[in-house]
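Colleague: Below you'll find protein.tsv; it's TSV, C-alpha atoms.
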chain	number	residue	atom	x	y	z
J	1	MET	CA	-42.21	77.00	44.44
J	2	ASN	CA	-45.15	74.70	45.21
J	3	LEU	CA	-47.26	74.34	42.05
J	4	GLU	CA	-50.39	73.72	44.15
J	5	ARG	CA	-50.04	77.26	45.53
J	6	ALA	CA	-49.58	78.86	42.11
J	7	ASP	CA	-52.34	80.55	40.16
J	8	LEU	CA	-51.26	80.29	36.52
J	9	ASN	CA	-52.91	83.64	35.84
J	10	LEU	CA	-50.17	85.13	37.99
J	11	LEU	CA	-47.63	84.08	35.36
J	12	VAL	CA	-49.58	86.07	32.78
J	13	TYR	CA	-49.57	89.05	35.16
J	14	LEU	CA	-45.83	88.68	35.71
J	15	ASP	CA	-45.07	88.47	32.00
J	16	VAL	CA	-47.00	91.68	31.28
J	17	LEU	CA	-45.64	93.50	34.34
J	18	LEU	CA	-42.04	92.74	33.38
J	19	ARG	CA	-42.73	93.81	29.82
J	20	GLU	CA	-44.54	97.06	30.66
J	21	ARG	CA	-42.71	97.84	33.93
J	22	ASN	CA	-45.74	99.86	34.94
J	23	VAL	CA	-48.73	98.65	36.98
J	24	THR	CA	-51.24	100.94	35.26
J	25	ARG	CA	-50.16	99.97	31.72
J	26	ALA	CA	-50.12	96.28	32.68
J	27	ALA	CA	-53.64	96.60	34.10
J	28	ASN	CA	-54.88	98.31	30.94
J	29	TYR	CA	-53.29	95.63	28.74
J	30	LEU	CA	-54.97	92.83	30.70
J	31	GLY	CA	-58.30	94.64	31.11
J	32	LEU	CA	-57.97	94.74	34.91
J	33	SER	CA	-58.45	97.53	37.43
J	34	GLN	CA	-55.30	99.03	38.90
J	35	PRO	CA	-56.12	97.69	42.42
J	36	ALA	CA	-56.53	94.19	40.97
J	37	MET	CA	-53.16	94.49	39.20
J	38	SER	CA	-51.51	95.80	42.37
J	39	ASN	CA	-52.96	92.85	44.29
J	40	GLY	CA	-51.61	90.51	41.63
J	41	LEU	CA	-48.13	92.02	42.05
J	42	LYS	CA	-48.43	91.58	45.83
J	43	ARG	CA	-49.30	87.89	45.39
J	44	LEU	CA	-46.41	87.45	42.94
J	45	ARG	CA	-43.99	88.95	45.45
J	46	GLU	CA	-45.23	86.51	48.09
J	47	LEU	CA	-45.06	83.58	45.67
J	48	PHE	CA	-41.47	84.25	44.59
J	49	ASP	CA	-40.34	85.83	47.87
J	50	ASP	CA	-38.86	88.70	45.89
J	51	PRO	CA	-39.90	92.35	45.20
J	52	LEU	CA	-39.72	91.60	41.43
J	53	LEU	CA	-40.28	95.29	40.51
J	54	VAL	CA	-38.71	98.15	42.47
J	55	ARG	CA	-39.63	101.82	42.12
J	56	THR	CA	-36.69	104.06	41.09
J	57	ARG	CA	-36.29	107.54	39.64
J	58	GLU	CA	-36.33	105.90	36.18
J	59	GLY	CA	-39.59	104.11	36.96
J	60	MET	CA	-40.28	100.51	37.99
J	61	MET	CA	-37.18	98.38	37.46
J	62	PRO	CA	-36.99	94.56	37.60
J	63	THR	CA	-34.86	92.86	40.22
J	64	GLU	CA	-32.16	90.35	39.33
J	65	ARG	CA	-34.58	87.53	40.18
J	66	ALA	CA	-37.24	89.04	37.89
J	67	LEU	CA	-34.82	89.25	34.97
J	68	GLU	CA	-33.91	85.61	35.58
J	69	LEU	CA	-37.59	84.62	35.60
J	70	GLN	CA	-38.66	86.60	32.52
J	71	PRO	CA	-37.49	84.22	29.73
J	72	MET	CA	-38.64	81.18	31.71
J	73	VAL	CA	-42.11	82.66	32.22
J	74	ARG	CA	-42.43	83.45	28.51
J	75	GLU	CA	-41.36	79.93	27.59
J	76	ALA	CA	-43.81	78.41	30.09
J	77	LEU	CA	-46.72	80.52	28.82
J	78	ALA	CA	-45.90	79.64	25.21
J	79	ALA	CA	-45.86	75.93	26.13
J	80	ILE	CA	-49.20	76.23	27.94
J	81	ASP	CA	-50.69	78.05	24.96
J	82	ARG	CA	-49.61	75.20	22.68
J	83	VAL	CA	-51.18	72.66	25.03
J	84	ILE	CA	-54.59	74.34	25.14
J	85	GLN	CA	-54.77	75.35	21.48
J	86	PRO	CA	-57.63	73.53	19.71
J	87	ASN	CA	-56.33	70.57	17.74
J	88	ARG	CA	-57.40	71.83	14.36
J	89	ASP	CA	-55.89	73.67	11.44
J	90	PHE	CA	-56.22	77.41	11.16
J	91	ASP	CA	-59.16	78.42	8.95
J	92	PRO	CA	-58.19	81.76	7.33
J	93	GLY	CA	-61.55	82.11	5.63
J	94	ALA	CA	-63.36	82.19	8.98
J	95	ALA	CA	-60.67	84.03	10.99
J	96	ARG	CA	-61.23	87.49	12.46
J	97	ARG	CA	-57.95	89.01	13.57
J	98	THR	CA	-55.29	91.62	12.87
J	99	PHE	CA	-51.66	90.83	12.10
J	100	ARG	CA	-49.18	93.52	13.13
J	101	ILE	CA	-46.27	93.65	10.67
J	102	MET	CA	-43.28	95.95	10.62
J	103	ALA	CA	-42.18	96.56	7.02
J	104	SER	CA	-39.81	98.95	5.32
J	105	ASP	CA	-41.46	101.08	2.64
J	106	TYR	CA	-39.61	98.96	0.08
J	107	ALA	CA	-41.34	95.84	1.43
J	108	GLU	CA	-44.59	97.73	1.93
J	109	SER	CA	-44.62	98.89	-1.71
J	110	THR	CA	-43.65	95.57	-3.31
J	111	LEU	CA	-44.82	92.75	-1.03
J	112	ILE	CA	-47.84	94.08	0.86
J	113	PRO	CA	-50.10	94.79	-2.20
J	114	PRO	CA	-50.09	91.17	-3.44
J	115	LEU	CA	-50.38	89.95	0.16
J	116	LEU	CA	-53.41	92.16	0.72
J	117	LYS	CA	-54.96	90.89	-2.53
J	118	GLN	CA	-54.61	87.30	-1.33
J	119	LEU	CA	-56.14	88.20	2.03
J	120	ARG	CA	-59.08	89.99	0.45
J	121	GLU	CA	-59.80	86.93	-1.71
J	122	GLY	CA	-59.25	84.14	0.79
J	123	ALA	CA	-59.29	85.65	4.28
J	124	PRO	CA	-61.53	88.75	4.29
J	125	GLY	CA	-61.74	88.85	8.07
J	126	ILE	CA	-57.98	89.35	8.44
J	127	SER	CA	-56.60	92.87	8.54
J	128	LEU	CA	-53.02	94.18	8.56
J	129	ASP	CA	-51.47	96.80	10.82
J	130	ILE	CA	-48.33	97.92	8.98
J	131	MET	CA	-45.71	99.60	11.15
J	132	THR	CA	-42.51	101.40	10.15
J	133	PRO	CA	-39.01	100.33	11.27
J	134	SER	CA	-38.88	103.36	13.57
J	135	ASP	CA	-42.01	102.14	15.40
J	136	VAL	CA	-40.51	98.84	16.52
J	137	SER	CA	-37.60	97.52	18.58
J	138	PHE	CA	-36.13	94.02	18.78
J	139	VAL	CA	-37.66	93.78	22.28
J	140	ASP	CA	-41.14	94.36	20.81
J	141	VAL	CA	-40.60	91.46	18.40
J	142	GLU	CA	-39.11	89.20	21.06
J	143	GLN	CA	-42.12	89.77	23.32
J	144	GLY	CA	-44.59	89.04	20.52
J	145	LYS	CA	-46.02	92.57	20.41
J	146	VAL	CA	-45.28	92.53	16.67
J	147	ASP	CA	-46.17	89.45	14.64
J	148	MET	CA	-43.24	89.75	12.25
J	149	VAL	CA	-40.73	92.16	10.75
J	150	ILE	CA	-39.89	92.34	7.03
J	151	ASN	CA	-36.81	94.29	5.98
J	152	ARG	CA	-33.12	94.01	5.21
J	153	PHE	CA	-31.15	93.29	8.39
J	154	ASP	CA	-27.44	93.70	9.05
J	155	SER	CA	-27.85	91.82	12.33
J	156	MET	CA	-30.58	90.06	14.26
J	157	PRO	CA	-30.87	88.36	17.70
J	158	GLN	CA	-29.94	84.70	17.46
J	159	SER	CA	-33.17	83.66	19.17
J	160	PHE	CA	-35.29	84.98	16.29
J	161	HIS	CA	-36.60	82.72	13.56
J	162	GLN	CA	-36.12	84.07	10.06
J	163	ALA	CA	-36.62	83.27	6.39
J	164	THR	CA	-35.61	84.92	3.12
J	165	VAL	CA	-38.63	86.26	1.22
J	166	TRP	CA	-36.60	87.02	-1.93
J	167	ARG	CA	-33.32	88.29	-3.33
J	168	ASP	CA	-33.34	91.44	-5.43
J	169	SER	CA	-30.89	93.18	-7.74
J	170	PHE	CA	-30.43	96.95	-8.07
J	171	SER	CA	-31.54	99.41	-10.75
J	172	CYS	CA	-30.93	103.09	-11.44
J	173	VAL	CA	-33.96	105.34	-11.86
J	174	MET	CA	-33.73	108.81	-13.37
J	175	ARG	CA	-35.79	111.40	-15.18
J	176	ALA	CA	-36.45	110.50	-18.81
J	177	ASP	CA	-34.54	113.57	-20.06
J	178	ASN	CA	-31.68	113.36	-17.56
J	179	PRO	CA	-28.51	114.53	-19.39
J	180	ILE	CA	-26.58	111.49	-18.17
J	181	LEU	CA	-28.53	109.36	-20.64
J	182	GLU	CA	-26.54	110.90	-23.51
J	183	ASP	CA	-23.43	109.07	-22.30
J	184	TYR	CA	-24.41	106.62	-19.58
J	185	ASN	CA	-21.41	104.76	-18.17
J	186	LEU	CA	-19.50	104.31	-14.93
J	187	GLN	CA	-17.66	107.62	-15.17
J	188	SER	CA	-20.78	109.67	-15.91
J	189	TYR	CA	-22.58	107.80	-13.13
J	190	LEU	CA	-19.85	108.72	-10.65
J	191	ARG	CA	-19.84	112.37	-11.80
J	192	ALA	CA	-23.61	112.69	-11.36
J	193	GLN	CA	-25.47	113.83	-8.24
J	194	HIS	CA	-27.14	111.01	-6.33
J	195	ILE	CA	-29.95	110.28	-3.89
J	196	TRP	CA	-28.99	107.93	-1.06
J	197	VAL	CA	-31.81	105.86	0.37
J	198	SER	CA	-31.77	103.11	2.96
J	199	LYS	CA	-33.55	101.93	6.10
J	200	THR	CA	-32.05	98.67	7.26
J	201	GLY	CA	-33.15	96.87	10.40
J	202	MET	CA	-35.41	98.69	12.85
J	203	GLY	CA	-35.43	101.36	15.51
J	204	VAL	CA	-34.96	105.10	15.41
J	205	GLY	CA	-32.51	106.17	12.70
J	206	VAL	CA	-29.44	108.33	13.19
J	207	GLY	CA	-27.74	110.87	10.98
J	208	VAL	CA	-25.54	109.74	8.12
J	209	ASN	CA	-21.82	110.48	7.87
J	210	PRO	CA	-21.05	110.74	4.10
J	211	GLU	CA	-17.43	109.82	4.79
J	212	ASP	CA	-18.27	106.53	6.50
J	213	VAL	CA	-18.62	104.42	3.36
J	214	GLN	CA	-19.02	101.15	5.27
J	215	ARG	CA	-22.21	102.45	6.88
J	216	LEU	CA	-23.67	103.82	3.66
J	217	GLY	CA	-24.67	100.37	2.46
J	218	TRP	CA	-24.55	98.08	-0.57
J	219	VAL	CA	-24.24	100.65	-3.35
J	220	ASP	CA	-21.46	102.73	-1.80
J	221	GLU	CA	-19.56	99.66	-0.65
J	222	ALA	CA	-19.60	98.38	-4.25
J	223	ILE	CA	-18.35	101.77	-5.51
J	224	GLY	CA	-15.71	101.80	-2.78
J	225	ARG	CA	-14.34	98.45	-3.94
J	226	LEU	CA	-13.54	100.19	-7.23
J	227	GLY	CA	-11.61	102.85	-5.31
J	228	GLU	CA	-14.26	105.46	-6.16
J	229	LYS	CA	-16.90	107.56	-4.41
J	230	ARG	CA	-20.12	109.14	-5.61
J	231	THR	CA	-21.53	112.57	-4.77
J	232	ILE	CA	-24.69	112.33	-2.66
J	233	SER	CA	-26.95	115.39	-2.60
J	234	VAL	CA	-29.87	113.99	-0.60
J	235	PHE	CA	-30.08	111.38	2.15
J	236	THR	CA	-33.50	109.85	2.79
J	237	ARG	CA	-34.93	106.76	4.48
J	238	HIS	CA	-37.97	106.54	2.22
J	239	TYR	CA	-37.72	104.75	-1.13
J	240	GLN	CA	-40.86	106.30	-2.57
J	241	VAL	CA	-39.58	109.80	-1.72
J	242	ALA	CA	-36.29	108.97	-3.42
J	243	MET	CA	-38.14	107.84	-6.56
J	244	LEU	CA	-40.16	111.06	-6.58
J	245	LEU	CA	-37.02	113.19	-6.20
J	246	ALA	CA	-35.37	111.38	-9.11
J	247	GLU	CA	-38.42	112.10	-11.26
J	248	GLN	CA	-38.35	115.80	-10.45
J	249	SER	CA	-34.62	116.54	-10.75
J	250	ASP	CA	-31.40	115.52	-12.46
J	251	LEU	CA	-30.51	113.32	-9.50
J	252	ILE	CA	-30.07	109.56	-9.85
J	253	VAL	CA	-31.36	107.00	-7.37
J	254	THR	CA	-30.10	103.42	-7.20
J	255	VAL	CA	-32.78	101.21	-5.65
J	256	PRO	CA	-33.87	97.55	-5.51
J	257	THR	CA	-35.16	96.46	-8.92
J	258	ARG	CA	-38.59	95.30	-7.70
J	259	LEU	CA	-39.20	98.84	-6.47
J	260	ALA	CA	-37.87	100.42	-9.68
J	261	LEU	CA	-40.25	98.24	-11.72
J	262	LEU	CA	-43.21	99.88	-10.00
J	263	ALA	CA	-42.45	102.94	-12.15
J	264	ARG	CA	-42.21	101.03	-15.44
J	265	ASP	CA	-45.43	102.63	-16.76
J	266	ASN	CA	-44.36	106.13	-15.77
J	267	PRO	CA	-43.15	107.90	-18.95
J	268	ARG	CA	-41.35	110.57	-16.91
J	269	VAL	CA	-38.67	108.17	-15.63
J	270	LEU	CA	-36.37	105.52	-17.06
J	271	ARG	CA	-34.75	102.51	-15.46
J	272	ARG	CA	-31.18	101.47	-16.29
J	273	GLU	CA	-28.88	98.74	-15.08
J	274	PRO	CA	-26.16	100.08	-12.77
J	275	PRO	CA	-22.82	100.55	-14.57
J	276	LEU	CA	-21.10	98.46	-11.90
J	277	GLU	CA	-21.71	95.18	-10.11
J	278	ILE	CA	-23.72	95.51	-6.88
J	279	PRO	CA	-24.34	92.35	-4.82
J	280	PRO	CA	-28.04	91.46	-4.47
J	281	LEU	CA	-29.91	92.27	-1.28
J	282	GLU	CA	-32.00	89.85	0.77
J	283	LEU	CA	-35.46	90.77	2.01
J	284	LYS	CA	-35.95	88.81	5.23
J	285	MET	CA	-38.88	87.97	7.44
J	286	ALA	CA	-38.25	87.46	11.16
J	287	TRP	CA	-40.44	86.58	14.15
J	288	SER	CA	-40.34	85.74	17.84
J	289	PRO	CA	-39.77	82.16	19.02
J	290	LEU	CA	-42.97	82.70	21.04
J	291	LEU	CA	-44.93	82.65	17.77
J	292	GLN	CA	-43.06	79.84	16.03
J	293	GLN	CA	-45.72	77.17	16.72
J	294	SER	CA	-48.79	79.40	16.33
J	295	ALA	CA	-51.06	78.03	13.58
J	296	PRO	CA	-52.20	81.48	12.34
J	297	HIS	CA	-48.61	82.69	12.14
J	298	ARG	CA	-47.43	79.56	10.36
J	299	TRP	CA	-50.20	80.11	7.79
J	300	LEU	CA	-49.25	83.78	7.27
J	301	ARG	CA	-45.55	82.98	6.93
J	302	ARG	CA	-46.25	80.31	4.31
J	303	LEU	CA	-48.46	82.73	2.40
J	304	ILE	CA	-45.78	85.43	2.37
J	305	LEU	CA	-43.07	83.00	1.24
J	306	ASP	CA	-45.35	81.70	-1.55
J	307	ILE	CA	-45.94	85.27	-2.74
J	308	GLY	CA	-42.20	85.92	-2.65
J	309	ARG	CA	-41.53	82.87	-4.80
J	310	HIS	CA	-44.16	83.77	-7.40
J	311	LEU	CA	-43.44	87.49	-7.79
Could you write out this file's structure as structure tokens?
Modeller:
Amino acid sequence: MNLERADLNLLVYLDVLLRERNVTRAANYLGLSQPAMSNGLKRLRELFDDPLLVRTREGMMPTERALELQPMVREALAAIDRVIQPNRDFDPGAARRTFRIMASDYAESTLIPPLLKQLREGAPGISLDIMTPSDVSFVDVEQGKVDMVINRFDSMPQSFHQATVWRDSFSCVMRADNPILEDYNLQSYLRAQHIWVSKTGMGVGVGVNPEDVQRLGWVDEAIGRLGEKRTISVFTRHYQVAMLLAEQSDLIVTVPTRLALLARDNPRVLRREPPLEIPPLELKMAWSPLLQQSAPHRWLRRLILDIGRHL
């Protein structure tokens, strides 16, 4: 390719077209008319001497050449963005922007309130768009559509940058007059009825198989190492719902301690240490390599890690 023939705007068009795989959506994203976007695709095809996107029954699909170009185009655009960024520090007090963050309701309940307090005091022009794990895919993060994801992750693409926000222990929460409190120990815990709650990673969830202990998570793996199982009456992906169910029934929920402490002033529930050892969980923050050098993102990541250290 001759660089003198290349319009760098075409690389922006190509990046969005390969991400959206739809001319109309790409045009809307870039604020262009559909004819202008179609003309841009025509010029791209001439520039690379390749169809790049081919119409199929499943929609517009990228060619082999397009898939080869996609990571290189993203890397080139990120490098150009770094070159033309103003050579000054990010000023949060004067900034006007929205950060899009995917957070589990555990992270949303424990981390986001102090983060929002800091923003209100020092960066009032910054707003947060909090998304759920089911709203986001790893592709969305990789492409920079989401600024960061905060959750517990069993696995993560190697290209992502990540940091541990904090480590948390587990606590049991139950109604204040739950009969188990008369003789609270491992055996009574195992005989009780439980609420299972978890939403690790991201993406649309699937049904739970109660017999597949390895997929049930930290608590059931710890119980399994003792050669035991617990009886689970309710499966949910929402920690706050699980806490509410524990308050309104004789069910027990075992949740991260920082979440359990949110109910410390509620006289209707009590918190107890689990009668067995459960390894701590790690709340992680992850983001795209495209955003690694962005000054606003570096500032937000430092702020979140500072909050995690002080909580």
Colleague: For J:Arg230, which residue among J:Val255, J:Ile195, J:Val149, J:Ile112 is the nearest when counting all atoms listed in the file?
Modeller: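 Going through J:Val255, J:Ile195, J:Val149, J:Ile112 one by one, the smallest distance to J:Arg230 is for J:Ile195.
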Colleague: If we count only C-alpha atoms and set the cut-off at 10 Å, which residues sit around J:Asp91, ignoring sequence neighbours fewer than 2 positions away in its own chain? Please answer as a ChimeraX atom specification.
Modeller: /J:88-89,93-96,122-123,295-296,299
Colleague: Near stretch 62-67 of chain J, counting all atoms listed in the file, which residues have an atom at most 8 Å away, once you skip same-chain residues fewer than 5 positions from it, shown as a list in words?
Modeller: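 Contacts, with the query itself left out: Leu18, Arg21, Asp50, Pro51, Leu52, Leu53 and Val54 of chain J.
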Colleague: Go through J:Gln162, J:Ser127, J:Ser188, J:Ser33 and flag the residue nearest J:Arg301, using only C-alpha atoms for the distances.
Modeller: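 Residue with the minimum atom-to-atom distance to J:Arg301: J:Gln162.
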Colleague: Under the rule that only C-alpha atoms are counted, which of J:Ser171, J:Gln293, J:Thr231, J:Asn22 is the nearest residue to J:Glu277?
Modeller: J:Ser171
Colleague: Kindly give the distance, in Å, that separates atom CA of J:Asp183 and atom CA of J:Ser249, rounded to a single decimal.
Modeller: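 Going from atom CA of J:Asp183 over to atom CA of J:Ser249, I get 17.7 Å.
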Colleague: Could you please determine the separation between atom CA of J:Val141 and atom CA of J:Arg19 in Å, to one decimal place?
Modeller: 11.9 Å
Colleague: Provide the atom CA of J:Asp140 to atom CA of J:Leu291 distance in Å, to one decimal place.
Modeller: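 Distance between the two atoms: 12.7 Å.
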Colleague: Which neighbours of J:Val253 fall inside 7 Å, counting only C-alpha atoms, when residues of the same chain fewer than 6 positions from it are skipped, and could you give them as a ChimeraX atom specification?
Modeller: /J:172-174,194-196,242-243,246
Colleague: Padding 4 Å on each side, edges along x, y and z: where is the centre of the box around the listed atoms of stretch 270-276 of chain J, and how long are its edges in Å to one decimal? Output it as lines of an AutoDock Vina configuration file.
Modeller:
center_x = -28.7
center_y = 102.0
center_z = -14.5
size_x = 23.3
size_y = 15.1
size_z = 13.2
Colleague: List as a list in words the protein and nucleic acid residues near J:Ala222, meaning an atom at most 10 Å away when all atoms listed in the file are counted, but skip any in the same chain fewer than 4 places from it.
Modeller: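 Returned residues: Val213, Gln214, Gly217, Trp218, Leu226, Gly227, Glu228, Lys229, Leu276, Glu277, Ile278 and Pro279 of chain J.
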Colleague: So which one's closest to J:Leu32, J:Met102, J:Asp7, J:Val16, J:Thr132? Using only C-alpha atoms, please.
Modeller: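 Nearest to J:Leu32: J:Val16.
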Colleague: Need to verify the contact set: J:Asp15, 8 Å, only C-alpha atoms, exclusion of same-chain residues closer than 5 positions in sequence. Can you return it as a PDB file with C-alpha atoms, in the coordinates of the input?
Modeller:
ATOM      1  CA  GLN J  70     -38.660  86.600  32.520  1.00  0.00           C
ATOM      2  CA  VAL J  73     -42.110  82.660  32.220  1.00  0.00           C
ATOM      3  CA  ARG J  74     -42.430  83.450  28.510  1.00  0.00           C
TER       4      ARG J  74
END
Colleague: Using only C-alpha atoms for the distances, tell me which of J:Leu262, J:Ala103, J:Ile307, J:Ile126 is nearest to J:His238.
Modeller: J:Ala103
Colleague: So, with all atoms listed in the file as the atoms that count, which of J:Leu245, J:His161, J:Asn39, J:Leu116 lies closest to J:Arg175?
Modeller: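 With all atoms listed in the file as the atom set, the closest residue is J:Leu245.
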Colleague: I need every residue sitting at most 12 Å from the point (-50.6, 84.0, 19.3) (coordinates as in the file, all atoms listed in the file considered), written as a PyMOL selection string.
Modeller: chain J and resi 77-82+84-85+90+97-100+143-148+287-298
